[in-house]
$ cat start.cif   # mmCIF, C-alpha atoms
data_data
loop_
_atom_site.group_PDB
_atom_site.id
_atom_site.type_symbol
_atom_site.label_atom_id
_atom_site.label_comp_id
_atom_site.auth_asym_id
_atom_site.auth_seq_id
_atom_site.Cartn_x
_atom_site.Cartn_y
_atom_site.Cartn_z
ATOM 1 C CA MET A 1 7.652 9.488 23.586
ATOM 2 C CA THR A 2 5.702 6.488 22.329
ATOM 3 C CA ASN A 3 7.789 4.349 20.052
ATOM 4 C CA VAL A 4 6.408 3.744 16.566
ATOM 5 C CA HIS A 5 8.393 0.554 16.007
ATOM 6 C CA ASP A 6 7.254 -1.021 19.286
ATOM 7 C CA HIS A 7 3.655 -0.325 18.306
ATOM 8 C CA ALA A 8 4.227 -1.762 14.830
ATOM 9 C CA TYR A 9 5.622 -4.973 16.323
ATOM 10 C CA GLY A 10 2.659 -5.114 18.720
ATOM 11 C CA LEU A 11 0.307 -4.799 15.771
ATOM 12 C CA GLU A 12 2.200 -7.455 13.826
ATOM 13 C CA LYS A 13 1.802 -9.866 16.754
ATOM 14 C CA ALA A 14 -1.903 -9.017 17.019
ATOM 15 C CA ILE A 15 -2.391 -9.733 13.290
ATOM 16 C CA ARG A 16 -0.520 -13.018 13.607
ATOM 17 C CA GLU A 17 -2.655 -14.065 16.593
ATOM 18 C CA SER A 18 -5.948 -12.874 15.098
ATOM 19 C CA ASP A 19 -8.700 -15.376 14.301
ATOM 20 C CA GLN A 20 -8.649 -14.160 10.695
ATOM 21 C CA PHE A 21 -4.933 -14.823 10.203
ATOM 22 C CA GLN A 22 -5.050 -18.190 11.947
ATOM 23 C CA ALA A 23 -8.017 -19.255 9.815
ATOM 24 C CA LEU A 24 -6.234 -18.118 6.649
ATOM 25 C CA LYS A 25 -3.079 -19.992 7.612
ATOM 26 C CA GLU A 26 -5.058 -23.191 8.201
ATOM 27 C CA ALA A 27 -6.944 -22.842 4.894
ATOM 28 C CA TYR A 28 -3.705 -22.067 3.014
ATOM 29 C CA GLU A 29 -1.875 -25.045 4.437
ATOM 30 C CA LYS A 30 -4.790 -27.336 3.596
ATOM 31 C CA VAL A 31 -4.581 -26.285 -0.073
ATOM 32 C CA MET A 32 -0.769 -26.434 -0.164
ATOM 33 C CA ASN A 33 -0.769 -29.967 1.205
ATOM 34 C CA ASP A 34 -3.014 -31.205 -1.625
ATOM 35 C CA ALA A 35 -0.996 -31.410 -4.848
ATOM 36 C CA SER A 36 -3.925 -30.974 -7.260
ATOM 37 C CA ALA A 37 -5.521 -28.157 -5.215
ATOM 38 C CA LYS A 38 -2.112 -26.465 -4.987
ATOM 39 C CA GLU A 39 -1.645 -26.593 -8.758
ATOM 40 C CA MET A 40 -5.156 -25.263 -9.405
ATOM 41 C CA PHE A 41 -4.695 -22.423 -6.900
ATOM 42 C CA GLU A 42 -1.324 -21.436 -8.341
ATOM 43 C CA SER A 43 -2.678 -21.456 -11.878
ATOM 44 C CA PHE A 44 -5.489 -19.154 -10.656
ATOM 45 C CA ARG A 45 -2.947 -16.825 -9.036
ATOM 46 C CA ASP A 46 -0.785 -16.737 -12.163
ATOM 47 C CA THR A 47 -3.791 -15.875 -14.349
ATOM 48 C CA GLN A 48 -4.811 -13.070 -11.985
ATOM 49 C CA ILE A 49 -1.296 -11.589 -11.818
ATOM 50 C CA GLU A 50 -0.965 -11.785 -15.615
ATOM 51 C CA ILE A 51 -4.214 -9.846 -16.146
ATOM 52 C CA GLN A 52 -3.367 -7.292 -13.447
ATOM 53 C CA GLU A 53 0.036 -6.636 -14.999
ATOM 54 C CA LYS A 54 -1.532 -6.126 -18.421
ATOM 55 C CA GLN A 55 -4.122 -3.748 -16.953
ATOM 56 C CA MET A 56 -1.439 -1.766 -15.133
ATOM 57 C CA GLN A 57 0.556 -1.459 -18.335
ATOM 58 C CA GLY A 58 -2.568 -0.258 -20.126
ATOM 59 C CA GLN A 59 -2.599 -3.326 -22.400
ATOM 60 C CA GLU A 60 -5.890 -4.601 -23.727
ATOM 61 C CA ILE A 61 -7.280 -7.823 -22.264
ATOM 62 C CA THR A 62 -8.515 -10.027 -25.092
ATOM 63 C CA GLN A 63 -11.905 -11.758 -25.044
ATOM 64 C CA GLU A 64 -10.034 -15.074 -24.963
ATOM 65 C CA GLU A 65 -8.125 -14.026 -21.843
ATOM 66 C CA VAL A 66 -11.329 -12.868 -20.127
ATOM 67 C CA GLU A 67 -12.950 -16.221 -20.865
ATOM 68 C CA LYS A 68 -9.895 -18.160 -19.688
ATOM 69 C CA ALA A 69 -9.831 -16.137 -16.435
ATOM 70 C CA GLN A 70 -13.552 -16.685 -15.874
ATOM 71 C CA ALA A 71 -13.141 -20.427 -16.417
ATOM 72 C CA VAL A 72 -10.297 -20.581 -13.869
ATOM 73 C CA VAL A 73 -12.357 -18.567 -11.336
ATOM 74 C CA GLU A 74 -15.331 -20.927 -11.779
ATOM 75 C CA GLN A 75 -13.049 -23.918 -11.373
ATOM 76 C CA VAL A 76 -11.514 -22.674 -8.106
ATOM 77 C CA GLN A 77 -14.880 -21.533 -6.741
ATOM 78 C CA GLN A 78 -16.146 -25.094 -7.080
ATOM 79 C CA HIS A 79 -13.149 -26.444 -5.165
ATOM 80 C CA GLU A 80 -14.203 -26.529 -1.529
ATOM 81 C CA ASP A 81 -10.749 -25.969 -0.008
ATOM 82 C CA ILE A 82 -9.720 -23.237 -2.450
ATOM 83 C CA SER A 83 -12.988 -21.328 -2.140
ATOM 84 C CA ALA A 84 -12.589 -21.564 1.659
ATOM 85 C CA LEU A 85 -9.060 -20.149 1.303
ATOM 86 C CA MET A 86 -10.314 -17.284 -0.870
ATOM 87 C CA GLU A 87 -13.011 -16.495 1.685
ATOM 88 C CA LYS A 88 -10.395 -16.361 4.463
ATOM 89 C CA GLU A 89 -8.216 -14.117 2.296
ATOM 90 C CA GLN A 90 -11.108 -11.706 1.878
ATOM 91 C CA GLN A 91 -11.801 -11.695 5.609
ATOM 92 C CA LEU A 92 -8.170 -10.885 6.424
ATOM 93 C CA ASN A 93 -8.200 -8.232 3.691
ATOM 94 C CA VAL A 94 -11.008 -6.444 5.537
ATOM 95 C CA VAL A 95 -8.790 -6.366 8.638
ATOM 96 C CA ILE A 96 -5.743 -5.142 6.665
ATOM 97 C CA ASN A 97 -7.801 -2.419 4.961
ATOM 98 C CA ASP A 98 -9.143 -1.291 8.340
ATOM 99 C CA ILE A 99 -5.575 -1.088 9.689
ATOM 100 C CA SER A 100 -4.410 0.801 6.637
ATOM 101 C CA GLN A 101 -7.228 3.346 6.976
ATOM 102 C CA ILE A 102 -6.483 3.833 10.679
ATOM 103 C CA ILE A 103 -2.740 4.330 10.395
ATOM 104 C CA THR A 104 -2.851 6.600 7.328
ATOM 105 C CA LYS A 105 -5.270 8.977 9.068
ATOM 106 C CA PRO A 106 -2.582 11.394 10.366
ATOM 107 C CA LEU A 107 -1.183 11.880 6.844
ATOM 108 C CA GLU A 108 -4.635 12.114 5.301
ATOM 109 C CA GLU A 109 -5.641 14.800 7.748
ATOM 110 C CA LEU A 110 -2.483 16.744 6.989
ATOM 111 C CA TYR A 111 -2.576 16.425 3.188
ATOM 112 C CA GLY A 112 -6.352 16.221 2.861
ATOM 113 C CA PRO A 113 -8.579 18.985 1.507
ATOM 114 C CA GLN A 114 -7.700 22.328 3.085
ATOM 115 C CA GLU A 115 -10.532 24.632 4.066
ATOM 116 C CA ASP A 116 -8.695 27.561 2.518
ATOM 117 C CA ALA A 117 -8.164 25.668 -0.731
ATOM 118 C CA GLN A 118 -11.793 26.210 -1.792
ATOM 119 C CA MET B 1 -6.982 -12.469 22.301
ATOM 120 C CA THR B 2 -5.088 -9.303 21.438
ATOM 121 C CA ASN B 3 -7.228 -6.865 19.509
ATOM 122 C CA VAL B 4 -5.926 -5.826 16.103
ATOM 123 C CA HIS B 5 -7.922 -2.595 16.003
ATOM 124 C CA ASP B 6 -6.705 -1.447 19.423
ATOM 125 C CA HIS B 7 -3.124 -2.012 18.278
ATOM 126 C CA ALA B 8 -3.777 -0.153 15.028
ATOM 127 C CA TYR B 9 -5.140 2.842 16.950
ATOM 128 C CA GLY B 10 -2.126 2.689 19.268
ATOM 129 C CA LEU B 11 0.165 2.756 16.256
ATOM 130 C CA GLU B 12 -1.780 5.642 14.703
ATOM 131 C CA LYS B 13 -1.300 7.642 17.906
ATOM 132 C CA ALA B 14 2.410 6.786 17.982
ATOM 133 C CA ILE B 15 2.802 7.966 14.364
ATOM 134 C CA ARG B 16 0.939 11.184 15.141
ATOM 135 C CA GLU B 17 3.157 11.840 18.182
ATOM 136 C CA SER B 18 6.418 10.858 16.468
ATOM 137 C CA ASP B 19 9.147 13.444 15.932
ATOM 138 C CA GLN B 20 9.011 12.707 12.208
ATOM 139 C CA PHE B 21 5.292 13.421 11.892
ATOM 140 C CA GLN B 22 5.443 16.537 14.052
ATOM 141 C CA ALA B 23 8.374 17.860 12.008
ATOM 142 C CA LEU B 24 6.512 17.132 8.760
ATOM 143 C CA LYS B 25 3.390 18.874 10.037
ATOM 144 C CA GLU B 26 5.385 21.950 10.966
ATOM 145 C CA ALA B 27 7.187 22.046 7.607
ATOM 146 C CA TYR B 28 3.911 21.510 5.724
ATOM 147 C CA GLU B 29 2.131 24.289 7.581
ATOM 148 C CA LYS B 30 5.024 26.657 6.966
ATOM 149 C CA VAL B 31 4.720 26.091 3.197
ATOM 150 C CA MET B 32 0.898 26.256 3.232
ATOM 151 C CA ASN B 33 0.965 29.601 5.054
ATOM 152 C CA ASP B 34 3.137 31.178 2.347
ATOM 153 C CA ALA B 35 1.010 31.799 -0.769
ATOM 154 C CA SER B 36 3.865 31.677 -3.304
ATOM 155 C CA ALA B 37 5.494 28.608 -1.693
ATOM 156 C CA LYS B 38 2.085 26.903 -1.565
ATOM 157 C CA GLU B 39 1.506 27.523 -5.274
ATOM 158 C CA MET B 40 4.980 26.269 -6.198
ATOM 159 C CA PHE B 41 4.583 23.140 -4.059
ATOM 160 C CA GLU B 42 1.148 22.359 -5.498
ATOM 161 C CA SER B 43 2.392 22.812 -9.049
ATOM 162 C CA PHE B 44 5.224 20.365 -8.232
ATOM 163 C CA ARG B 45 2.701 17.867 -6.805
ATOM 164 C CA ASP B 46 0.429 18.160 -9.848
ATOM 165 C CA THR B 47 3.337 17.571 -12.235
ATOM 166 C CA GLN B 48 4.419 14.482 -10.288
ATOM 167 C CA ILE B 49 0.907 13.016 -10.173
ATOM 168 C CA GLU B 50 0.423 13.680 -13.898
ATOM 169 C CA ILE B 51 3.629 11.811 -14.784
ATOM 170 C CA GLN B 52 2.860 8.932 -12.409
ATOM 171 C CA GLU B 53 -0.598 8.493 -13.910
ATOM 172 C CA LYS B 54 0.838 8.404 -17.418
ATOM 173 C CA GLN B 55 3.456 5.858 -16.376
ATOM 174 C CA MET B 56 0.813 3.667 -14.725
ATOM 175 C CA GLN B 57 -1.295 3.781 -17.868
ATOM 176 C CA GLY B 58 1.740 2.823 -19.937
ATOM 177 C CA GLN B 59 1.710 6.144 -21.772
ATOM 178 C CA GLU B 60 4.960 7.576 -23.070
ATOM 179 C CA ILE B 61 6.447 10.576 -21.252
ATOM 180 C CA THR B 62 7.589 13.138 -23.817
ATOM 181 C CA GLN B 63 10.993 14.820 -23.675
ATOM 182 C CA GLU B 64 9.160 18.109 -23.105
ATOM 183 C CA GLU B 65 7.364 16.691 -20.057
ATOM 184 C CA VAL B 66 10.622 15.298 -18.632
ATOM 185 C CA GLU B 67 12.250 18.717 -18.979
ATOM 186 C CA LYS B 68 9.253 20.501 -17.460
ATOM 187 C CA ALA B 69 9.292 18.081 -14.483
ATOM 188 C CA GLN B 70 13.053 18.553 -13.992
ATOM 189 C CA ALA B 71 12.646 22.325 -14.050
ATOM 190 C CA VAL B 72 9.900 22.156 -11.404
ATOM 191 C CA VAL B 73 12.040 19.845 -9.226
ATOM 192 C CA GLU B 74 15.014 22.215 -9.467
ATOM 193 C CA GLN B 75 12.781 25.147 -8.608
ATOM 194 C CA VAL B 76 11.350 23.516 -5.456
ATOM 195 C CA GLN B 77 14.757 22.205 -4.366
ATOM 196 C CA GLN B 78 16.030 25.768 -4.296
ATOM 197 C CA HIS B 79 13.118 26.889 -2.127
ATOM 198 C CA GLU B 80 14.281 26.511 1.473
ATOM 199 C CA ASP B 81 10.871 25.764 3.030
ATOM 200 C CA ILE B 82 9.749 23.366 0.292
ATOM 201 C CA SER B 83 13.022 21.434 0.262
ATOM 202 C CA ALA B 84 12.738 21.183 4.067
ATOM 203 C CA LEU B 85 9.194 19.842 3.647
ATOM 204 C CA MET B 86 10.378 17.256 1.087
ATOM 205 C CA GLU B 87 13.139 16.159 3.450
ATOM 206 C CA LYS B 88 10.600 15.685 6.258
ATOM 207 C CA GLU B 89 8.354 13.736 3.895
ATOM 208 C CA GLN B 90 11.229 11.389 3.084
ATOM 209 C CA GLN B 91 12.015 10.908 6.769
ATOM 210 C CA LEU B 92 8.411 10.005 7.563
ATOM 211 C CA ASN B 93 8.368 7.710 4.521
ATOM 212 C CA VAL B 94 11.217 5.708 6.048
ATOM 213 C CA VAL B 95 9.067 5.230 9.174
ATOM 214 C CA ILE B 96 5.974 4.270 7.126
ATOM 215 C CA ASN B 97 7.986 1.774 5.045
ATOM 216 C CA ASP B 98 9.401 0.226 8.213
ATOM 217 C CA ILE B 99 5.885 -0.144 9.620
ATOM 218 C CA SER B 100 4.637 -1.626 6.370
ATOM 219 C CA GLN B 101 7.445 -4.195 6.320
ATOM 220 C CA ILE B 102 6.808 -5.144 9.936
ATOM 221 C CA ILE B 103 3.057 -5.621 9.700
ATOM 222 C CA THR B 104 3.083 -7.487 6.367
ATOM 223 C CA LYS B 105 5.556 -10.050 7.726
ATOM 224 C CA PRO B 106 2.904 -12.606 8.760
ATOM 225 C CA LEU B 107 1.409 -12.647 5.242
ATOM 226 C CA GLU B 108 4.819 -12.672 3.585
ATOM 227 C CA GLU B 109 5.892 -15.652 5.641
ATOM 228 C CA LEU B 110 2.706 -17.482 4.700
ATOM 229 C CA TYR B 111 2.699 -16.664 0.971
ATOM 230 C CA GLY B 112 6.457 -16.394 0.587
ATOM 231 C CA PRO B 113 8.665 -18.953 -1.169
ATOM 232 C CA GLN B 114 7.825 -22.484 -0.034
ATOM 233 C CA GLU B 115 10.672 -24.884 0.548
ATOM 234 C CA ASP B 116 8.809 -27.604 -1.340
ATOM 235 C CA ALA B 117 8.173 -25.276 -4.300
ATOM 236 C CA GLN B 118 11.754 -25.640 -5.524
#
$ encode --input "start.cif" --output "structure tokens"
Amino acid sequence: MTNVHDHAYGLEKAIRESDQFQALKEAYEKVMNDASAKEMFESFRDTQIEIQEKQMQGQEITQEEVEKAQAVVEQVQQHEDISALMEKEQQLNVVINDISQIITKPLEELYGPQEDAQ
Amino acid sequence: MTNVHDHAYGLEKAIRESDQFQALKEAYEKVMNDASAKEMFESFRDTQIEIQEKQMQGQEITQEEVEKAQAVVEQVQQHEDISALMEKEQQLNVVINDISQIITKPLEELYGPQEDAQ
């Protein structure tokens, strides 16, 4: 029988060696090695997490918070290294979403809409 | 370069062929082919999803809802085929969680706690 864990480790290695992961790692390290970029990026992250947590808890996001978040997004988008990092994050996300769709297929097929459920 | 998608498809196949998935499939089909078990299982699922959605939206779960959910859980636990199905679900979940931990390691290492962040 094929071993699930062996395949998972093979996939982990493939992710680690992928162009997308290597490019992300490079972009991340560039930002982390620049104190002001690092601070700006972390402030952006904190703002995003704060808003997400409020949304998940069903709390209202105030107009002030929306404006603050937009200002932080504009600031990081104008920073060459941070916007490059965000682009690399998105590109790896596409890969991760593809993987997730592929490996959840067996369960989806099993629990998906049944013909006799109509 | 190793191909991420090929590895993902290999892992999908390994999941599909695993003892845990095959056992889950068998247990699921047994419940689905028994009209009264199917109805009981689907009512259990609906109750769970309803409560999860409320929790995610930060809505309060009433005492009545808690009691209703407990009653449904007790009912399905006493049903041999459904409790077998739930056991198989848990066993496959262990596998899926293992996989998830393995393949998110590269990102965790990158975004995890930095030594210089102390």
$ closest_residue --input "start.cif" --among "A:Ile82, A:Ile51, A:Val4, A:Val94" --to "A:Gln20" --atoms "only C-alpha atoms"
A:Val94
$ residues_near_point --input "start.cif" --point "(7.8, 1.0, 12.0)" --cutoff "8 Å" --atoms "all atoms listed in the file" --output "mmCIF file with C-alpha atoms, in the coordinates of the input"
data_model
loop_
_atom_site.group_PDB
_atom_site.id
_atom_site.type_symbol
_atom_site.label_atom_id
_atom_site.label_comp_id
_atom_site.auth_asym_id
_atom_site.auth_seq_id
_atom_site.Cartn_x
_atom_site.Cartn_y
_atom_site.Cartn_z
ATOM 1 C CA VAL A 4 6.408 3.744 16.566
ATOM 2 C CA HIS A 5 8.393 0.554 16.007
ATOM 3 C CA ASP A 6 7.254 -1.021 19.286
ATOM 4 C CA HIS A 7 3.655 -0.325 18.306
ATOM 5 C CA ALA A 8 4.227 -1.762 14.830
ATOM 6 C CA TYR A 9 5.622 -4.973 16.323
ATOM 7 C CA VAL B 95 9.067 5.230 9.174
ATOM 8 C CA ILE B 96 5.974 4.270 7.126
ATOM 9 C CA ASN B 97 7.986 1.774 5.045
ATOM 10 C CA ASP B 98 9.401 0.226 8.213
ATOM 11 C CA ILE B 99 5.885 -0.144 9.620
ATOM 12 C CA SER B 100 4.637 -1.626 6.370
ATOM 13 C CA GLN B 101 7.445 -4.195 6.320
ATOM 14 C CA ILE B 102 6.808 -5.144 9.936
#
$ resolve_selection --input "start.cif" --expression "the PyMOL selection byres ((chain A) within 6 of (chain B))" --output "JSON, numbers by chain"
{"A": [2, 4, 7, 8, 11, 12, 14, 15, 16, 56, 57, 58, 99, 103, 106]}
$ resolve_selection --input "start.cif" --expression "the PyMOL selection byres ((chain A and resi 86) around 12)" --output "MDAnalysis selection string"
chainID A and resid 23:25 27:28 31 41 44:45 73 76:85 87:93
$ atom_distance --input "start.cif" --atom1 "atom CA of A:Ile49" --atom2 "atom CA of A:Glu26"
23.4 Å
$ atom_distance --input "start.cif" --atom1 "atom CA of A:Gly112" --atom2 "atom CA of B:Glu67"
28.8 Å
$ axis_aligned_box --input "start.cif" --around "stretch 102-108 of chain B" --padding-each-side "8 Å" --output "JSON"
{"center_x": 4.1, "center_y": -8.9, "center_z": 6.8, "size_x": 21.4, "size_y": 23.5, "size_z": 22.4}
$ atom_distance --input "start.cif" --atom1 "atom CA of A:Thr47" --atom2 "atom CA of A:Gln70"
9.9 Å
